[in-house]
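So this one's structure-v5.pdb, PDB, C-alpha atoms:
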ATOM      1  CA  MET A   1     107.313 119.814  83.410
ATOM      2  CA  LEU A   2     108.018 116.305  84.723
ATOM      3  CA  LYS A   3     111.447 115.669  86.172
ATOM      4  CA  PRO A   4     113.277 112.483  87.095
ATOM      5  CA  LYS A   5     113.370 111.822  90.837
ATOM      6  CA  ILE A   6     115.838 109.149  91.901
ATOM      7  CA  ALA A   7     115.073 107.913  95.423
ATOM      8  CA  PRO A   8     117.515 105.455  97.001
ATOM      9  CA  SER A   9     115.612 103.157  99.347
ATOM     10  CA  MET A  10     117.095 103.613 102.813
ATOM     11  CA  LEU A  11     115.814 100.137 103.727
ATOM     12  CA  SER A  12     118.972  98.916 101.949
ATOM     13  CA  SER A  13     121.261 101.289 103.841
ATOM     14  CA  ASP A  14     123.223 100.648 107.022
ATOM     15  CA  PHE A  15     120.561 101.600 109.597
ATOM     16  CA  ALA A  16     123.226 101.981 112.288
ATOM     17  CA  ASN A  17     124.691 104.869 110.263
ATOM     18  CA  LEU A  18     121.529 106.361 108.790
ATOM     19  CA  ALA A  19     122.651 110.011 108.858
ATOM     20  CA  SER A  20     125.936 109.353 107.057
ATOM     21  CA  GLU A  21     124.184 107.005 104.594
ATOM     22  CA  ALA A  22     121.628 109.741 103.807
ATOM     23  CA  ASP A  23     124.432 112.266 103.293
ATOM     24  CA  ARG A  24     126.317 109.816 101.057
ATOM     25  CA  MET A  25     123.233 109.261  98.865
ATOM     26  CA  VAL A  26     122.614 113.001  98.478
ATOM     27  CA  ARG A  27     126.260 113.511  97.513
ATOM     28  CA  CYS A  28     125.849 110.660  95.002
ATOM     29  CA  GLY A  29     123.039 112.600  93.314
ATOM     30  CA  ALA A  30     119.829 111.359  94.985
ATOM     31  CA  ASP A  31     116.805 113.639  94.583
ATOM     32  CA  TRP A  32     114.762 112.012  97.347
ATOM     33  CA  LEU A  33     115.413 109.531 100.147
ATOM     34  CA  HIS A  34     112.799 106.768 100.193
ATOM     35  CA  MET A  35     111.777 105.746 103.713
ATOM     36  CA  ASP A  36     109.870 102.468 104.136
ATOM     37  CA  ILE A  37     107.619 102.571 107.182
ATOM     38  CA  MET A  38     106.195  99.098 107.909
ATOM     39  CA  ASP A  39     104.017  98.186 110.883
ATOM     40  CA  GLY A  40     104.334  94.383 110.981
ATOM     41  CA  HIS A  41     100.581  94.102 110.194
ATOM     42  CA  PHE A  42      99.927  95.364 106.659
ATOM     43  CA  VAL A  43     103.214  93.688 105.754
ATOM     44  CA  PRO A  44     105.018  91.109 107.900
ATOM     45  CA  ASN A  45     108.179  93.180 108.299
ATOM     46  CA  LEU A  46     108.709  95.886 110.946
ATOM     47  CA  THR A  47     111.042  98.761 110.081
ATOM     48  CA  ILE A  48     111.047 102.381 111.276
ATOM     49  CA  GLY A  49     108.618 105.015 112.460
ATOM     50  CA  SER A  50     108.413 108.734 113.141
ATOM     51  CA  PRO A  51     111.151 108.810 115.862
ATOM     52  CA  VAL A  52     113.712 107.687 113.260
ATOM     53  CA  ILE A  53     112.404 110.210 110.699
ATOM     54  CA  GLU A  54     112.661 112.938 113.348
ATOM     55  CA  SER A  55     116.259 111.943 114.185
ATOM     56  CA  LEU A  56     117.254 111.798 110.526
ATOM     57  CA  ARG A  57     115.649 115.175 109.795
ATOM     58  CA  ARG A  58     118.139 116.815 112.186
ATOM     59  CA  HIS A  59     120.957 115.648 109.912
ATOM     60  CA  THR A  60     119.560 116.278 106.422
ATOM     61  CA  ASP A  61     117.369 118.708 104.516
ATOM     62  CA  ALA A  62     116.713 116.084 101.817
ATOM     63  CA  TYR A  63     113.173 115.272 100.649
ATOM     64  CA  LEU A  64     112.059 112.325 102.820
ATOM     65  CA  ASP A  65     109.731 110.267 100.642
ATOM     66  CA  CYS A  66     107.812 108.168 103.194
ATOM     67  CA  HIS A  67     105.985 105.041 102.015
ATOM     68  CA  LEU A  68     103.576 103.796 104.662
ATOM     69  CA  MET A  69     102.964 100.062 104.534
ATOM     70  CA  VAL A  70     100.664 100.246 107.554
ATOM     71  CA  THR A  71      97.099  99.253 108.403
ATOM     72  CA  ASN A  72      96.065 102.631 109.888
ATOM     73  CA  PRO A  73      97.835 105.420 107.961
ATOM     74  CA  LEU A  74      95.676 108.101 109.618
ATOM     75  CA  ASP A  75      97.423 107.400 112.945
ATOM     76  CA  TYR A  76     100.771 108.341 111.413
ATOM     77  CA  VAL A  77      99.919 111.677 109.792
ATOM     78  CA  GLU A  78     100.415 113.934 112.816
ATOM     79  CA  PRO A  79     103.598 112.264 114.155
ATOM     80  CA  LEU A  80     105.235 112.133 110.722
ATOM     81  CA  GLY A  81     104.301 115.751 110.000
ATOM     82  CA  LYS A  82     105.924 116.794 113.282
ATOM     83  CA  ALA A  83     108.949 114.590 112.561
ATOM     84  CA  GLY A  84     109.650 116.391 109.283
ATOM     85  CA  ALA A  85     108.509 113.910 106.616
ATOM     86  CA  SER A  86     108.218 115.467 103.144
ATOM     87  CA  GLY A  87     106.000 113.000 101.283
ATOM     88  CA  PHE A  88     103.379 110.697 102.809
ATOM     89  CA  THR A  89     102.319 107.811 100.542
ATOM     90  CA  PHE A  90      99.611 105.506 101.906
ATOM     91  CA  HIS A  91      98.164 102.296 100.467
ATOM     92  CA  VAL A  92      94.826 102.383  98.662
ATOM     93  CA  GLU A  93      93.984  98.905 100.027
ATOM     94  CA  VAL A  94      93.646 100.231 103.606
ATOM     95  CA  SER A  95      92.104 103.634 102.915
ATOM     96  CA  LYS A  96      88.981 102.942 100.851
ATOM     97  CA  ASP A  97      86.741 104.585 103.477
ATOM     98  CA  ASN A  98      88.843 107.532 104.617
ATOM     99  CA  TRP A  99      91.191 108.617 101.816
ATOM    100  CA  ARG A 100      89.618 112.078 101.522
ATOM    101  CA  GLU A 101      90.255 112.776 105.204
ATOM    102  CA  LEU A 102      93.756 111.313 104.860
ATOM    103  CA  VAL A 103      94.712 113.523 101.904
ATOM    104  CA  GLN A 104      93.335 116.628 103.626
ATOM    105  CA  LYS A 105      95.254 115.901 106.857
ATOM    106  CA  ILE A 106      98.495 115.073 105.036
ATOM    107  CA  LYS A 107      98.347 118.408 103.203
ATOM    108  CA  SER A 108      97.426 120.301 106.386
ATOM    109  CA  LYS A 109     100.632 118.995 107.997
ATOM    110  CA  GLY A 110     102.715 120.311 105.090
ATOM    111  CA  MET A 111     103.397 116.945 103.456
ATOM    112  CA  ARG A 112     102.785 115.830  99.881
ATOM    113  CA  PRO A 113     100.134 113.080  99.589
ATOM    114  CA  GLY A 114     100.667 109.987  97.479
ATOM    115  CA  VAL A 115      98.885 106.671  97.066
ATOM    116  CA  SER A 116     100.417 103.245  96.505
ATOM    117  CA  LEU A 117      99.020  99.950  95.288
ATOM    118  CA  LYS A 118     100.157  96.352  95.646
ATOM    119  CA  PRO A 119     100.780  94.183  92.557
ATOM    120  CA  GLY A 120      97.400  92.461  92.963
ATOM    121  CA  THR A 121      95.394  95.718  93.079
ATOM    122  CA  CYS A 122      93.790  97.125  89.907
ATOM    123  CA  ILE A 123      95.003 100.537  88.764
ATOM    124  CA  GLU A 124      91.374 101.742  88.539
ATOM    125  CA  GLU A 125      91.288 101.781  92.366
ATOM    126  CA  VAL A 126      93.452 104.931  92.461
ATOM    127  CA  TYR A 127      91.605 106.946  89.799
ATOM    128  CA  PRO A 128      89.057 108.486  92.221
ATOM    129  CA  LEU A 129      91.951 109.762  94.382
ATOM    130  CA  LEU A 130      93.461 111.505  91.343
ATOM    131  CA  GLU A 131      90.189 112.991  90.138
ATOM    132  CA  ASP A 132      88.976 114.394  93.451
ATOM    133  CA  GLU A 133      88.993 118.171  93.954
ATOM    134  CA  ASN A 134      91.721 117.576  96.576
ATOM    135  CA  PRO A 135      93.797 114.893  94.819
ATOM    136  CA  VAL A 136      96.878 112.885  95.704
ATOM    137  CA  GLU A 137      99.980 114.177  93.906
ATOM    138  CA  LEU A 138     101.867 110.928  93.295
ATOM    139  CA  VAL A 139     101.073 107.292  92.563
ATOM    140  CA  LEU A 140     103.507 104.601  93.675
ATOM    141  CA  VAL A 141     103.148 101.403  91.638
ATOM    142  CA  MET A 142     104.707  98.507  93.554
ATOM    143  CA  THR A 143     106.727  96.317  91.200
ATOM    144  CA  VAL A 144     107.239  93.685  93.932
ATOM    145  CA  GLU A 145     105.092  92.538  96.862
ATOM    146  CA  PRO A 146     105.680  95.159  99.574
ATOM    147  CA  GLY A 147     107.464  94.195 102.760
ATOM    148  CA  PHE A 148     111.017  93.191 101.924
ATOM    149  CA  GLY A 149     113.912  94.536  99.845
ATOM    150  CA  GLY A 150     115.888  92.652  97.230
ATOM    151  CA  GLN A 151     112.964  91.135  95.297
ATOM    152  CA  LYS A 152     112.725  90.590  91.536
ATOM    153  CA  PHE A 153     111.106  93.283  89.351
ATOM    154  CA  MET A 154     107.645  92.388  87.969
ATOM    155  CA  PRO A 155     107.527  93.742  84.375
ATOM    156  CA  GLU A 156     103.803  92.994  84.083
ATOM    157  CA  MET A 157     103.177  95.937  86.457
ATOM    158  CA  MET A 158     104.200  98.296  83.638
ATOM    159  CA  ASP A 159     100.678  98.065  82.195
ATOM    160  CA  LYS A 160      99.548 100.054  85.261
ATOM    161  CA  VAL A 161     102.248 102.668  84.698
ATOM    162  CA  ARG A 162     101.323 102.991  81.003
ATOM    163  CA  ALA A 163      97.620 103.388  81.852
ATOM    164  CA  LEU A 164      98.413 106.105  84.417
ATOM    165  CA  ARG A 165     100.770 108.001  82.118
ATOM    166  CA  LYS A 166      98.232 107.989  79.272
ATOM    167  CA  LYS A 167      95.467 109.284  81.532
ATOM    168  CA  TYR A 168      97.554 111.717  83.626
ATOM    169  CA  PRO A 169     100.445 113.126  81.521
ATOM    170  CA  SER A 170     101.799 115.418  84.270
ATOM    171  CA  LEU A 171     101.502 113.025  87.240
ATOM    172  CA  ASP A 172     104.505 111.927  89.302
ATOM    173  CA  ILE A 173     104.526 108.141  88.845
ATOM    174  CA  GLU A 174     106.841 106.222  91.152
ATOM    175  CA  VAL A 175     107.948 102.598  90.881
ATOM    176  CA  ASP A 176     109.460 100.554  93.687
ATOM    177  CA  GLY A 177     110.900  97.047  93.667
ATOM    178  CA  GLY A 178     113.715  95.443  91.716
ATOM    179  CA  LEU A 179     114.723  98.674  89.948
ATOM    180  CA  GLY A 180     118.295  98.922  88.690
ATOM    181  CA  PRO A 181     120.401  99.175  85.525
ATOM    182  CA  SER A 182     118.797  96.059  83.979
ATOM    183  CA  THR A 183     115.166  97.134  84.571
ATOM    184  CA  ILE A 184     115.197 100.952  84.426
ATOM    185  CA  ASP A 185     114.568 101.236  80.672
ATOM    186  CA  THR A 186     111.415  99.105  80.975
ATOM    187  CA  ALA A 187     110.085 101.349  83.767
ATOM    188  CA  ALA A 188     111.110 104.633  82.136
ATOM    189  CA  SER A 189     109.628 103.737  78.753
ATOM    190  CA  ALA A 190     106.320 102.835  80.441
ATOM    191  CA  GLY A 191     106.193 106.343  81.912
ATOM    192  CA  ALA A 192     107.671 106.168  85.423
ATOM    193  CA  ASN A 193     109.639 109.285  86.422
ATOM    194  CA  CYS A 194     110.226 108.633  90.145
ATOM    195  CA  ILE A 195     112.506 105.651  90.705
ATOM    196  CA  VAL A 196     113.025 103.895  94.027
ATOM    197  CA  ALA A 197     116.165 101.767  94.028
ATOM    198  CA  GLY A 198     117.592  99.899  97.004
ATOM    199  CA  SER A 199     120.073  97.081  96.581
ATOM    200  CA  SER A 200     121.056  98.177  93.044
ATOM    201  CA  VAL A 201     122.313 101.498  94.474
ATOM    202  CA  PHE A 202     123.580 100.503  97.915
ATOM    203  CA  GLY A 203     125.135  97.282  96.638
ATOM    204  CA  ALA A 204     127.007  99.004  93.808
ATOM    205  CA  PRO A 205     130.742  99.765  93.973
ATOM    206  CA  ASP A 206     129.857 103.248  92.663
ATOM    207  CA  PRO A 207     126.327 104.308  93.742
ATOM    208  CA  ALA A 208     126.688 107.700  92.007
ATOM    209  CA  GLN A 209     127.186 105.955  88.674
ATOM    210  CA  VAL A 210     123.991 103.891  89.163
ATOM    211  CA  ILE A 211     121.972 106.961  90.184
ATOM    212  CA  ALA A 212     123.252 108.822  87.086
ATOM    213  CA  LEU A 213     122.320 105.877  84.858
ATOM    214  CA  LEU A 214     118.772 105.708  86.310
ATOM    215  CA  ARG A 215     118.362 109.456  85.829
ATOM    216  CA  LYS A 216     119.616 109.376  82.243
ATOM    217  CA  SER A 217     117.139 106.647  81.279
ATOM    218  CA  VAL A 218     114.203 108.662  82.670
ATOM    219  CA  GLU A 219     115.477 111.900  81.120
ATOM    220  CA  GLN A 220     115.750 110.324  77.683
ATOM    221  CA  GLU A 221     112.155 109.095  77.868
ATOM    222  CA  LEU A 222     110.842 112.454  79.104
ATOM    223  CA  GLN A 223     112.619 114.265  76.283
ATOM    224  CA  SER A 224     111.278 111.862  73.646
ATOM    225  CA  ASP A 225     107.647 112.346  74.740
TER     226      ASP A 225
END
Is it possible to give me this structure as structure tokens?
Amino acid sequence: MLKPKIAPSMLSSDFANLASEADRMVRCGADWLHMDIMDGHFVPNLTIGSPVIESLRRHTDAYLDCHLMVTNPLDYVEPLGKAGASGFTFHVEVSKDNWRELVQKIKSKGMRPGVSLKPGTCIEEVYPLLEDENPVELVLVMTVEPGFGGQKFMPEMMDKVRALRKKYPSLDIEVDGGLGPSTIDTAASAGANCIVAGSSVFGAPDPAQVIALLRKSVEQELQSD
């Protein structure tokens, strides 16, 4: 049974107070905490790595949903597993030759494997990773160009979500970029059940209210299916 997973993007939090921000989001109703790991190569921005995940893990038992916008995801599997990451989502664009090894290693370190794709990448690229005997367990459809927070939602990406949901009814489908009260219904009706939201949650006077609204939209769609 699919469930809504609301994942505030910690990229929009106050990094100087990451532990208290994580605690605040969990108290506001977050299911997951979305951690953007960028290497300055695959995307121009540079954010956090496994030392920060390890530090945060000491302060929270929340599900740490790690999205790796990096050129060599294989290099990060062991350190992130040791650090206490929960989910490890890599980009299909950089793993065409070694995704089988990646998925196997991610699982062996006790993490949940996911695959992400940029707006310019065809959805067909991820199908082999879902149909393998050792498949990924989540697909993250980027609804903005990865690398920076605060961008505008790209509704044309919903065709990818619809195609995935039709083909894989029980798959966790995550969307990331420009999600908030004005765009959630579009994403939920297309079939997304895992929602990453940054500025719309952290910038709200009442983050709990926004998280509840995102969850309700997804729940209504799941119940109507």
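In this structure, CA of Val92 (chain A) sits 18.7 Å away from CA of Cys194 (chain A).
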ask   = Written as a PyMOL selection string, which residues does the PyMOL selection byres ((chain A and resi 10) around 6) give for the file shown?
value = chain A and resi 9+11-13+34-35
Preceding selection exported with C-alpha atoms as an mmCIF file, in the coordinates of the input:
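File written: out_31.cif
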data_model
loop_
_atom_site.group_PDB
_atom_site.id
_atom_site.type_symbol
_atom_site.label_atom_id
_atom_site.label_comp_id
_atom_site.auth_asym_id
_atom_site.auth_seq_id
_atom_site.Cartn_x
_atom_site.Cartn_y
_atom_site.Cartn_z
ATOM 1 C CA SER A 9 115.612 103.157 99.347
ATOM 2 C CA LEU A 11 115.814 100.137 103.727
ATOM 3 C CA SER A 12 118.972 98.916 101.949
ATOM 4 C CA SER A 13 121.261 101.289 103.841
ATOM 5 C CA HIS A 34 112.799 106.768 100.193
ATOM 6 C CA MET A 35 111.777 105.746 103.713
#
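Closest approach to Ser224 (chain A) among A:Glu54, A:Pro207, A:Phe42, A:Ala188: A:Ala188, based on only C-alpha atoms.
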Tell me which residues come within 12 Å of (97.6, 120.7, 101.4), as a PyMOL selection string, counting only C-alpha atoms in the file's coordinates. chain A and resi 81+86-88+100-114+133-137
What separates CA of Gly40 (chain A) and CA of Asp176 (chain A) is a distance of 19.1 Å
**Asked** Do you have the CA of Leu68 (chain A)-CA of His91 (chain A) distance handy?
**Response**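 A separation of 7.0 Å between them.
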On this file, the PyMOL selection byres ((chain A and resi 4) around 6) gives some set of residues; write that set as a PDB file with C-alpha atoms, in the coordinates of the input.
ATOM      1  CA  LYS A   3     111.447 115.669  86.172  1.00  0.00           C
ATOM      2  CA  LYS A   5     113.370 111.822  90.837  1.00  0.00           C
ATOM      3  CA  ASN A 193     109.639 109.285  86.422  1.00  0.00           C
ATOM      4  CA  CYS A 194     110.226 108.633  90.145  1.00  0.00           C
ATOM      5  CA  VAL A 218     114.203 108.662  82.670  1.00  0.00           C
TER       6      VAL A 218
END
Where atoms are lacking, region 175-199 of chain A completed to N, CA, C and O atoms, as a PDB file, keeping the file's coordinate frame:
ATOM      1  N   VAL A 175     107.897 104.065  90.879  1.00  0.00           N
ATOM      2  CA  VAL A 175     107.948 102.598  90.881  1.00  0.00           C
ATOM      3  C   VAL A 175     108.946 102.158  91.941  1.00  0.00           C
ATOM      4  O   VAL A 175     109.954 102.831  92.182  1.00  0.00           O
ATOM      5  N   ASP A 176     108.652 101.028  92.565  1.00  0.00           N
ATOM      6  CA  ASP A 176     109.460 100.554  93.687  1.00  0.00           C
ATOM      7  C   ASP A 176     109.501  99.039  93.681  1.00  0.00           C
ATOM      8  O   ASP A 176     108.463  98.387  93.763  1.00  0.00           O
ATOM      9  N   GLY A 177     110.714  98.490  93.569  1.00  0.00           N
ATOM     10  CA  GLY A 177     110.900  97.047  93.667  1.00  0.00           C
ATOM     11  C   GLY A 177     111.675  96.485  92.498  1.00  0.00           C
ATOM     12  O   GLY A 177     111.179  96.466  91.378  1.00  0.00           O
ATOM     13  N   GLY A 178     112.915  96.087  92.758  1.00  0.00           N
ATOM     14  CA  GLY A 178     113.715  95.443  91.716  1.00  0.00           C
ATOM     15  C   GLY A 178     114.218  96.387  90.637  1.00  0.00           C
ATOM     16  O   GLY A 178     114.578  95.946  89.551  1.00  0.00           O
ATOM     17  N   LEU A 179     114.248  97.710  90.949  1.00  0.00           N
ATOM     18  CA  LEU A 179     114.723  98.674  89.948  1.00  0.00           C
ATOM     19  C   LEU A 179     116.241  98.784  89.993  1.00  0.00           C
ATOM     20  O   LEU A 179     116.833  98.865  91.069  1.00  0.00           O
ATOM     21  N   GLY A 180     116.851  98.795  88.810  1.00  0.00           N
ATOM     22  CA  GLY A 180     118.295  98.922  88.690  1.00  0.00           C
ATOM     23  C   GLY A 180     118.661  99.047  87.225  1.00  0.00           C
ATOM     24  O   GLY A 180     117.786  99.180  86.363  1.00  0.00           O
ATOM     25  N   PRO A 181     119.955  98.994  86.911  1.00  0.00           N
ATOM     26  CA  PRO A 181     120.401  99.175  85.525  1.00  0.00           C
ATOM     27  C   PRO A 181     119.724  98.233  84.520  1.00  0.00           C
ATOM     28  O   PRO A 181     119.471  98.629  83.380  1.00  0.00           O
ATOM     29  N   SER A 182     119.372  97.023  84.937  1.00  0.00           N
ATOM     30  CA  SER A 182     118.797  96.059  83.979  1.00  0.00           C
ATOM     31  C   SER A 182     117.291  96.238  83.781  1.00  0.00           C
ATOM     32  O   SER A 182     116.717  95.700  82.836  1.00  0.00           O
ATOM     33  N   THR A 183     116.628  96.998  84.662  1.00  0.00           N
ATOM     34  CA  THR A 183     115.166  97.134  84.571  1.00  0.00           C
ATOM     35  C   THR A 183     114.707  98.575  84.349  1.00  0.00           C
ATOM     36  O   THR A 183     113.537  98.809  84.045  1.00  0.00           O
ATOM     37  N   ILE A 184     115.605  99.545  84.480  1.00  0.00           N
ATOM     38  CA  ILE A 184     115.197 100.952  84.426  1.00  0.00           C
ATOM     39  C   ILE A 184     114.576 101.329  83.088  1.00  0.00           C
ATOM     40  O   ILE A 184     113.592 102.067  83.046  1.00  0.00           O
ATOM     41  N   ASP A 185     115.111 100.831  81.971  1.00  0.00           N
ATOM     42  CA  ASP A 185     114.568 101.236  80.672  1.00  0.00           C
ATOM     43  C   ASP A 185     113.117 100.790  80.505  1.00  0.00           C
ATOM     44  O   ASP A 185     112.298 101.511  79.926  1.00  0.00           O
ATOM     45  N   THR A 186     112.797  99.614  81.033  1.00  0.00           N
ATOM     46  CA  THR A 186     111.415  99.105  80.975  1.00  0.00           C
ATOM     47  C   THR A 186     110.480 100.039  81.736  1.00  0.00           C
ATOM     48  O   THR A 186     109.396 100.387  81.261  1.00  0.00           O
ATOM     49  N   ALA A 187     110.914 100.474  82.930  1.00  0.00           N
ATOM     50  CA  ALA A 187     110.085 101.349  83.767  1.00  0.00           C
ATOM     51  C   ALA A 187     109.982 102.744  83.170  1.00  0.00           C
ATOM     52  O   ALA A 187     108.901 103.343  83.124  1.00  0.00           O
ATOM     53  N   ALA A 188     111.104 103.269  82.695  1.00  0.00           N
ATOM     54  CA  ALA A 188     111.110 104.633  82.136  1.00  0.00           C
ATOM     55  C   ALA A 188     110.273 104.704  80.864  1.00  0.00           C
ATOM     56  O   ALA A 188     109.510 105.660  80.668  1.00  0.00           O
ATOM     57  N   SER A 189     110.386 103.692  80.010  1.00  0.00           N
ATOM     58  CA  SER A 189     109.628 103.737  78.753  1.00  0.00           C
ATOM     59  C   SER A 189     108.130 103.580  78.985  1.00  0.00           C
ATOM     60  O   SER A 189     107.316 104.057  78.205  1.00  0.00           O
ATOM     61  N   ALA A 190     107.745 102.953  80.101  1.00  0.00           N
ATOM     62  CA  ALA A 190     106.320 102.835  80.441  1.00  0.00           C
ATOM     63  C   ALA A 190     105.757 104.159  80.948  1.00  0.00           C
ATOM     64  O   ALA A 190     104.549 104.387  80.913  1.00  0.00           O
ATOM     65  N   GLY A 191     106.651 105.030  81.455  1.00  0.00           N
ATOM     66  CA  GLY A 191     106.193 106.343  81.912  1.00  0.00           C
ATOM     67  C   GLY A 191     106.525 106.690  83.344  1.00  0.00           C
ATOM     68  O   GLY A 191     106.094 107.733  83.847  1.00  0.00           O
ATOM     69  N   ALA A 192     107.292 105.852  84.044  1.00  0.00           N
ATOM     70  CA  ALA A 192     107.671 106.168  85.423  1.00  0.00           C
ATOM     71  C   ALA A 192     108.750 107.243  85.428  1.00  0.00           C
ATOM     72  O   ALA A 192     109.694 107.174  84.651  1.00  0.00           O
ATOM     73  N   ASN A 193     108.602 108.246  86.306  1.00  0.00           N
ATOM     74  CA  ASN A 193     109.639 109.285  86.422  1.00  0.00           C
ATOM     75  C   ASN A 193     110.272 109.346  87.814  1.00  0.00           C
ATOM     76  O   ASN A 193     111.301 109.983  87.991  1.00  0.00           O
ATOM     77  N   CYS A 194     109.661 108.694  88.789  1.00  0.00           N
ATOM     78  CA  CYS A 194     110.226 108.633  90.145  1.00  0.00           C
ATOM     79  C   CYS A 194     110.661 107.193  90.407  1.00  0.00           C
ATOM     80  O   CYS A 194     109.823 106.280  90.362  1.00  0.00           O
ATOM     81  N   ILE A 195     111.944 106.999  90.656  1.00  0.00           N
ATOM     82  CA  ILE A 195     112.506 105.651  90.705  1.00  0.00           C
ATOM     83  C   ILE A 195     113.071 105.364  92.085  1.00  0.00           C
ATOM     84  O   ILE A 195     114.005 106.041  92.543  1.00  0.00           O
ATOM     85  N   VAL A 196     112.490 104.363  92.745  1.00  0.00           N
ATOM     86  CA  VAL A 196     113.025 103.895  94.027  1.00  0.00           C
ATOM     87  C   VAL A 196     113.970 102.738  93.746  1.00  0.00           C
ATOM     88  O   VAL A 196     113.611 101.801  93.031  1.00  0.00           O
ATOM     89  N   ALA A 197     115.188 102.827  94.262  1.00  0.00           N
ATOM     90  CA  ALA A 197     116.165 101.767  94.028  1.00  0.00           C
ATOM     91  C   ALA A 197     116.927 101.513  95.319  1.00  0.00           C
ATOM     92  O   ALA A 197     117.479 102.449  95.912  1.00  0.00           O
ATOM     93  N   GLY A 198     116.940 100.258  95.750  1.00  0.00           N
ATOM     94  CA  GLY A 198     117.592  99.899  97.004  1.00  0.00           C
ATOM     95  C   GLY A 198     118.910  99.198  96.797  1.00  0.00           C
ATOM     96  O   GLY A 198     119.970  99.813  96.726  1.00  0.00           O
ATOM     97  N   SER A 199     118.837  97.860  96.667  1.00  0.00           N
ATOM     98  CA  SER A 199     120.073  97.081  96.581  1.00  0.00           C
ATOM     99  C   SER A 199     120.916  97.432  95.368  1.00  0.00           C
ATOM    100  O   SER A 199     122.138  97.360  95.416  1.00  0.00           O
TER     101      SER A 199
END
